[in-house]
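**Student:** Supplied in structure tokens, the structure appears directly below.
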Amino acid sequence: MGPMRTVGVTVGKFNPPHLGHLHLVETGAAQVDRLYVLLGARPDQTLPAADRAAWLAAAAPPNVTVIVTPDDLPAANEPWAQRALQVLPQPPEVGFTSEPWGPGWCAAMGAEHVAVDPGRERFPISATEIRADLRTGFEWLVPPARTALARRIVTAGAESSGKTTLAAALAAQWGTTWVPEYGRTYWEGRRHRRDQSWATTEFHHIATTHHTVADGLAAQSAAGLVVLDTDALVTRVWHRRYLGTDDCELAALATVHRPDFYVVCAPDFDWVQDGTRESAGEREAMHRRTLDLVAASGVQYEVLAGDPAARLRRAMDIADKLTTFDPLI
């Protein structure tokens with residue numbers, strides 16, 4: 001590696017940004033004080049340029065700046081060299097690409113060219129392949145793109161309705177990640193307090209933490225699917241159970257964190273005491289409240305009843321349809 005340069009540049013559509021792109025960006029960023037990434041945007045692209053830029057910037061080193069520019073030029077070196085010289089604060093000393101046209105583009109800018117994995121040996125994938133089959137290519141996406149694009153199924157329902165059993169089984173069968181109910185973890189930590197009264201802020205904390213964990217797991221998911229055992233909507237039900245009222249902030253959180261599908265587990269078997277449950281008399285009312293909120297959410301949903309095997313088979317069908325992604329442009 002030669003001496004550190006001040007300004008470097010690379011260019012592409014990054015549609016979507018994948019690990020090969022990130023390798024290109026990280027390699028360039030390690031050799032310059034500031035690396036500029038020109039991201040081409042067209043109105044017909046399925047994934048908005050602003051989203052692609054945000055995902056790439058979030059994954060990239062801190063000395064990287066992503067600049068969105070219209071993809072409105074001929075696919076030739078000279079026009080794109082002039083575009084780079086127009087939008088960058090100063091001319092680049094070096095350009096990084098993995099493409100055959102890279103040397104000519106850099107020469108037109110008066111910059112040195114550095115080839116980065118031109119044979120795609122380290123990351124044998126292309127954005128074209130990922131767009132054609134996102135489900136298969138999901139593992140190649142940069143983590144922020146996985147978080148944004150992963151489908152989410154929430155198992156919802158009252159206490160002792162089989163939602164945790166179903167969530168864990170679905171994730172295991174699918175080979176993906178799942179988010180255990182954080183509210184239960186939180187309750188286990190406070191259950192021996194003398195004062196068992198609840199505050200609304202505790203429910204805010206439960207809902208926010210639950211979805212933060214979900215986003216973190218989605219970033220690691222290579223299957224395009226994350227299963228959540230409850231969510232902010234279900235936390236609303238518990239808030240009413242303990243405090244007797246609804247809460248507007250929880251309602252807002254449930255809207256912000258809308259999943260792709262709710263599986264509502266029917267309480268169609270005897271209530272089971274696992275040593276911690278306490279709402280046997282409230283189970284039917286909480287089921288109805290959950291179902292009312294789910295129906296009002298506008299999210300697709302289905303009530304699953306019957307034995308665990310039958311529920312899992314139907315949940316697998318739902319997951320399969322959710323992750324049959326349409327080809328991207």
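Note on naming: chains are A, B, ... as they come in the structure tokens, residues start from 1 per chain, ligands start from 1 in the order shown.
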DSSP on the backbone: which residues in range 110-308 of chain A end up as strand (DSSP E)? Give the answer as number ranges by chain.
**Tutor:** A: 112-115, 151-156, 177-179, 225-229, 261-265, 301-304
**Student:** Considering only C-alpha atoms, return as number ranges by chain whatever protein or nucleic-acid residues lie within 8 Å of Thr155 in chain A, sequence-local ones (same chain, fewer than 5 positions apart) excluded.
**Tutor:** A: 163-164, 166-167, 227-230, 262-265
**Student:** Using 7 Å as the limit and counting only C-alpha atoms, can you tabulate each residue of range 121-148 of chain A that touches range 11-26 of chain A, with its shortest atom-to-atom distance in Å and the two atoms involved, as CSV?
**Tutor:**
```
residue,atom,partner,partner_atom,distance
A:Phe123,CA,A:Gly20,CA,5.2
A:Ala127,CA,A:Asn15,CA,6.0
A:Trp140,CA,A:His18,CA,5.4
A:Leu141,CA,A:His18,CA,4.1
A:Val142,CA,A:His18,CA,4.9
```
**Student:** So the first atom is CA of Thr200 in chain A and the second is CA of Ala148 in chain A; what is the distance between them in Å, to one decimal place?
**Tutor:**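 Taking CA of Thr200 in chain A and CA of Ala148 in chain A, their separation equals 28.6 Å.
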**Student:** With only C-alpha atoms as the basis for distance, which of A:Arg146, A:Arg42, A:Arg135, A:Arg258 is at the shortest distance from Ala59 in chain A?
**Tutor:**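 Distance minimum relative to Ala59 in chain A lands on A:Arg146.
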**Student:** Have a look at CA of Arg314 in chain A and CA of Trp178 in chain A and let me know their distance in Å, one decimal.
**Tutor:** 17.4 Å
**Student:** Produce a table with one row for each residue of range 86-147 of chain A that has an atom at most 12 Å from any atom of range 62-68 of chain A, each row naming the nearest atom pair and its distance in Å at one decimal; use only C-alpha atoms; arrange rows by chain and rising residue number; format as a tab-separated table.
**Tutor:**
```
residue	atom	partner	partner_atom	distance
A:Gln86	CA	A:Ile67	CA	11.8
A:Val87	CA	A:Ile67	CA	8.2
A:Leu88	CA	A:Ile67	CA	8.8
A:Pro89	CA	A:Ile67	CA	11.3
```
**Student:** Taking only C-alpha atoms into account, name the residue in A:Ala207, A:Ala214, A:Val37, A:Ala219 that is nearest to Leu233 in chain A.
**Tutor:**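 Of A:Ala207, A:Ala214, A:Val37, A:Ala219, the one nearest Leu233 in chain A is A:Ala207, counting only C-alpha atoms.
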**Student:** Set the distance at 12 Å and use only C-alpha atoms: which residues neighbour Arg289 in chain A once local chain neighbours fewer than 6 positions away are removed? I'd like the list as a VMD selection string.
**Tutor:** chain A and resid 156 to 158 233 to 241 246 264 282 to 283 295 to 296
**Student:** How would the residues just chosen look if you wrote them out with N, CA, C and O atoms as a PDB file, in the first residue's frame?
**Tutor:**
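Contents of selection38.pdb, as written:
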```pdb
ATOM      1  N   ALA A 156     -48.773 -13.299  18.396  1.00  0.00           N
ATOM      2  CA  ALA A 156     -49.500 -12.493  19.375  1.00  0.00           C
ATOM      3  C   ALA A 156     -50.548 -13.357  20.054  1.00  0.00           C
ATOM      4  O   ALA A 156     -50.974 -14.388  19.529  1.00  0.00           O
ATOM      5  N   GLY A 157     -50.970 -12.895  21.221  1.00  0.00           N
ATOM      6  CA  GLY A 157     -52.008 -13.625  21.925  1.00  0.00           C
ATOM      7  C   GLY A 157     -51.947 -13.383  23.414  1.00  0.00           C
ATOM      8  O   GLY A 157     -51.051 -12.697  23.913  1.00  0.00           O
ATOM      9  N   ALA A 158     -52.888 -13.934  24.107  1.00  0.00           N
ATOM     10  CA  ALA A 158     -52.952 -13.799  25.557  1.00  0.00           C
ATOM     11  C   ALA A 158     -51.930 -14.720  26.212  1.00  0.00           C
ATOM     12  O   ALA A 158     -51.244 -15.514  25.553  1.00  0.00           O
ATOM     13  N   LEU A 233     -47.667  -3.785  20.110  1.00  0.00           N
ATOM     14  CA  LEU A 233     -49.133  -3.915  20.158  1.00  0.00           C
ATOM     15  C   LEU A 233     -49.555  -4.813  21.313  1.00  0.00           C
ATOM     16  O   LEU A 233     -50.498  -4.491  22.056  1.00  0.00           O
ATOM     17  N   VAL A 234     -48.876  -5.927  21.488  1.00  0.00           N
ATOM     18  CA  VAL A 234     -49.204  -6.822  22.594  1.00  0.00           C
ATOM     19  C   VAL A 234     -48.881  -6.162  23.930  1.00  0.00           C
ATOM     20  O   VAL A 234     -49.594  -6.355  24.929  1.00  0.00           O
ATOM     21  N   THR A 235     -47.823  -5.356  23.957  1.00  0.00           N
ATOM     22  CA  THR A 235     -47.491  -4.617  25.178  1.00  0.00           C
ATOM     23  C   THR A 235     -48.618  -3.660  25.548  1.00  0.00           C
ATOM     24  O   THR A 235     -48.874  -3.420  26.736  1.00  0.00           O
ATOM     25  N   ARG A 236     -49.320  -3.117  24.557  1.00  0.00           N
ATOM     26  CA  ARG A 236     -50.502  -2.279  24.832  1.00  0.00           C
ATOM     27  C   ARG A 236     -51.548  -3.071  25.611  1.00  0.00           C
ATOM     28  O   ARG A 236     -52.204  -2.534  26.519  1.00  0.00           O
ATOM     29  N   VAL A 237     -51.713  -4.328  25.230  1.00  0.00           N
ATOM     30  CA  VAL A 237     -52.704  -5.169  25.911  1.00  0.00           C
ATOM     31  C   VAL A 237     -52.315  -5.356  27.374  1.00  0.00           C
ATOM     32  O   VAL A 237     -53.165  -5.282  28.279  1.00  0.00           O
ATOM     33  N   TRP A 238     -51.041  -5.573  27.632  1.00  0.00           N
ATOM     34  CA  TRP A 238     -50.589  -5.750  29.002  1.00  0.00           C
ATOM     35  C   TRP A 238     -50.669  -4.447  29.808  1.00  0.00           C
ATOM     36  O   TRP A 238     -50.940  -4.468  31.016  1.00  0.00           O
ATOM     37  N   HIS A 239     -50.447  -3.327  29.144  1.00  0.00           N
ATOM     38  CA  HIS A 239     -50.602  -2.034  29.819  1.00  0.00           C
ATOM     39  C   HIS A 239     -52.041  -1.875  30.318  1.00  0.00           C
ATOM     40  O   HIS A 239     -52.291  -1.461  31.459  1.00  0.00           O
ATOM     41  N   ARG A 240     -52.999  -2.212  29.487  1.00  0.00           N
ATOM     42  CA  ARG A 240     -54.406  -2.134  29.901  1.00  0.00           C
ATOM     43  C   ARG A 240     -54.697  -3.134  31.014  1.00  0.00           C
ATOM     44  O   ARG A 240     -55.453  -2.845  31.941  1.00  0.00           O
ATOM     45  N   ARG A 241     -54.074  -4.310  30.921  1.00  0.00           N
ATOM     46  CA  ARG A 241     -54.295  -5.337  31.945  1.00  0.00           C
ATOM     47  C   ARG A 241     -53.868  -4.833  33.324  1.00  0.00           C
ATOM     48  O   ARG A 241     -54.566  -5.041  34.310  1.00  0.00           O
ATOM     49  N   ASP A 246     -55.400   2.628  28.007  1.00  0.00           N
ATOM     50  CA  ASP A 246     -54.516   2.533  26.851  1.00  0.00           C
ATOM     51  C   ASP A 246     -53.476   3.641  26.966  1.00  0.00           C
ATOM     52  O   ASP A 246     -53.602   4.539  27.804  1.00  0.00           O
ATOM     53  N   VAL A 264     -52.079 -14.708  15.394  1.00  0.00           N
ATOM     54  CA  VAL A 264     -52.747 -14.621  16.686  1.00  0.00           C
ATOM     55  C   VAL A 264     -53.061 -16.034  17.158  1.00  0.00           C
ATOM     56  O   VAL A 264     -53.791 -16.773  16.491  1.00  0.00           O
ATOM     57  N   GLU A 282     -58.008 -13.621  33.011  1.00  0.00           N
ATOM     58  CA  GLU A 282     -58.010 -12.546  32.031  1.00  0.00           C
ATOM     59  C   GLU A 282     -57.725 -13.045  30.617  1.00  0.00           C
ATOM     60  O   GLU A 282     -57.706 -12.256  29.678  1.00  0.00           O
ATOM     61  N   ARG A 283     -57.508 -14.334  30.471  1.00  0.00           N
ATOM     62  CA  ARG A 283     -57.009 -14.837  29.190  1.00  0.00           C
ATOM     63  C   ARG A 283     -57.968 -14.552  28.036  1.00  0.00           C
ATOM     64  O   ARG A 283     -57.550 -14.050  26.980  1.00  0.00           O
ATOM     65  N   ALA A 295     -56.738  -6.473  14.323  1.00  0.00           N
ATOM     66  CA  ALA A 295     -57.655  -6.212  13.210  1.00  0.00           C
ATOM     67  C   ALA A 295     -57.653  -4.737  12.821  1.00  0.00           C
ATOM     68  O   ALA A 295     -57.797  -4.391  11.641  1.00  0.00           O
ATOM     69  N   ALA A 296     -57.494  -3.854  13.806  1.00  0.00           N
ATOM     70  CA  ALA A 296     -57.501  -2.415  13.535  1.00  0.00           C
ATOM     71  C   ALA A 296     -56.172  -1.909  13.002  1.00  0.00           C
ATOM     72  O   ALA A 296     -56.087  -0.779  12.513  1.00  0.00           O
TER      73      ALA A 296
END
```
**Student:** Report as a CSV table (one decimal) with C-alpha atoms, in the first residue's frame: the residues of range 263-323 of chain A with a DSSP assignment of alpha helix (DSSP H), based on the backbone of this structure.
**Tutor:**
```
chain,number,residue,atom,x,y,z
A,283,ARG,CA,-57.0,-14.8,29.2
A,284,GLU,CA,-60.2,-14.6,27.1
A,285,ALA,CA,-60.5,-10.9,27.6
A,286,MET,CA,-56.9,-10.3,26.6
A,287,HIS,CA,-57.3,-12.5,23.6
A,288,ARG,CA,-60.2,-10.5,22.4
A,289,ARG,CA,-58.4,-7.2,23.1
A,290,THR,CA,-55.4,-8.5,21.1
A,291,LEU,CA,-57.5,-9.5,18.2
A,292,ASP,CA,-59.3,-6.2,18.1
A,293,LEU,CA,-56.0,-4.3,18.0
A,294,VAL,CA,-54.6,-6.6,15.4
A,295,ALA,CA,-57.7,-6.2,13.2
A,296,ALA,CA,-57.5,-2.4,13.5
A,297,SER,CA,-53.8,-2.3,12.7
A,308,PRO,CA,-48.8,-27.2,17.9
A,309,ALA,CA,-47.9,-29.2,14.8
A,310,ALA,CA,-50.9,-27.8,12.8
A,311,ARG,CA,-50.1,-24.3,13.9
A,312,LEU,CA,-46.4,-24.7,12.8
A,313,ARG,CA,-47.4,-26.0,9.4
A,314,ARG,CA,-49.6,-23.0,8.8
A,315,ALA,CA,-47.1,-20.6,10.1
A,316,MET,CA,-44.5,-22.1,7.7
A,317,ASP,CA,-46.8,-21.5,4.8
A,318,ILE,CA,-47.3,-17.9,5.9
A,319,ALA,CA,-43.5,-17.4,6.2
A,320,ASP,CA,-42.9,-18.9,2.8
A,321,LYS,CA,-45.3,-16.5,1.1
A,322,LEU,CA,-43.9,-13.5,3.0
```
**Student:** Work out how far CA of Asp215 in chain A is from CA of Asp51 in chain A, in Å to one decimal.
**Tutor:** 15.9 Å
**Student:** Quick one: residues within 10 Å of range 103-108 of chain A, only C-alpha atoms counted, chain neighbours fewer than 2 positions away excluded, as a PyMOL selection string?
**Tutor:** chain A and resi 9-10+76-82+84-85+92-101+110-115
**Student:** Might you pull out every residue within 8 Å of Asp268 in chain A, with only C-alpha atoms counted and same-chain residues fewer than 3 positions away left off, and present them as a PyMOL selection string?
**Tutor:** chain A and resi 161+305-306
**Student:** How would the residues just chosen look if you wrote them out with C-alpha atoms as a compact mmCIF listing (two decimals), in the first residue's frame?
**Tutor:**
```txt
# COMPACT_ATOMS: atom_id res chain seq x y z
CA SER A 161 -51.88 -19.30 24.22
CA ALA A 305 -55.84 -22.80 16.51
CA GLY A 306 -55.34 -26.50 17.09
```
**Student:** Give me, as a list in words, all polymer residues having an atom no more than 10 Å from Thr136 in chain A, counting only C-alpha atoms and skipping those fewer than 4 positions away in the same chain.
**Tutor:**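 Once the nearby chain positions are removed, what remains is Glu129, Ile130, Arg131, Ala132, Trp140, Ala222, Ala223, Gly224, Thr323, Thr324 and Phe325 of chain A.
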**Student:** Please write the residues from the selection above to a file, keeping N, CA and C atoms, as a compact mmCIF listing (two decimals), in the first residue's frame.
**Tutor:**
```txt
# COMPACT_ATOMS: atom_id res chain seq x y z
N GLU A 129 -27.74 -10.29 -9.38
CA GLU A 129 -28.18 -11.59 -8.89
C GLU A 129 -29.07 -11.45 -7.66
N ILE A 130 -28.72 -10.53 -6.77
CA ILE A 130 -29.53 -10.33 -5.57
C ILE A 130 -30.90 -9.79 -5.94
N ARG A 131 -30.95 -8.84 -6.86
CA ARG A 131 -32.25 -8.28 -7.25
C ARG A 131 -33.16 -9.34 -7.87
N ALA A 132 -32.56 -10.29 -8.58
CA ALA A 132 -33.35 -11.34 -9.21
C ALA A 132 -33.91 -12.33 -8.21
N TRP A 140 -26.04 -11.87 1.55
CA TRP A 140 -24.99 -11.02 1.01
C TRP A 140 -25.24 -9.54 1.26
N ALA A 222 -29.82 -14.16 7.83
CA ALA A 222 -29.52 -14.46 6.44
C ALA A 222 -30.71 -15.10 5.74
N ALA A 223 -31.82 -15.20 6.43
CA ALA A 223 -32.98 -15.90 5.88
C ALA A 223 -34.09 -14.98 5.42
N GLY A 224 -33.94 -13.68 5.65
CA GLY A 224 -34.97 -12.74 5.23
C GLY A 224 -36.20 -12.74 6.09
N THR A 323 -41.74 -14.34 2.34
CA THR A 323 -40.35 -14.20 1.90
C THR A 323 -40.18 -14.58 0.43
N THR A 324 -41.26 -14.71 -0.29
CA THR A 324 -41.17 -14.84 -1.73
C THR A 324 -41.14 -13.43 -2.30
N PHE A 325 -39.96 -12.83 -2.26
CA PHE A 325 -39.80 -11.43 -2.64
C PHE A 325 -39.97 -11.26 -4.16
```
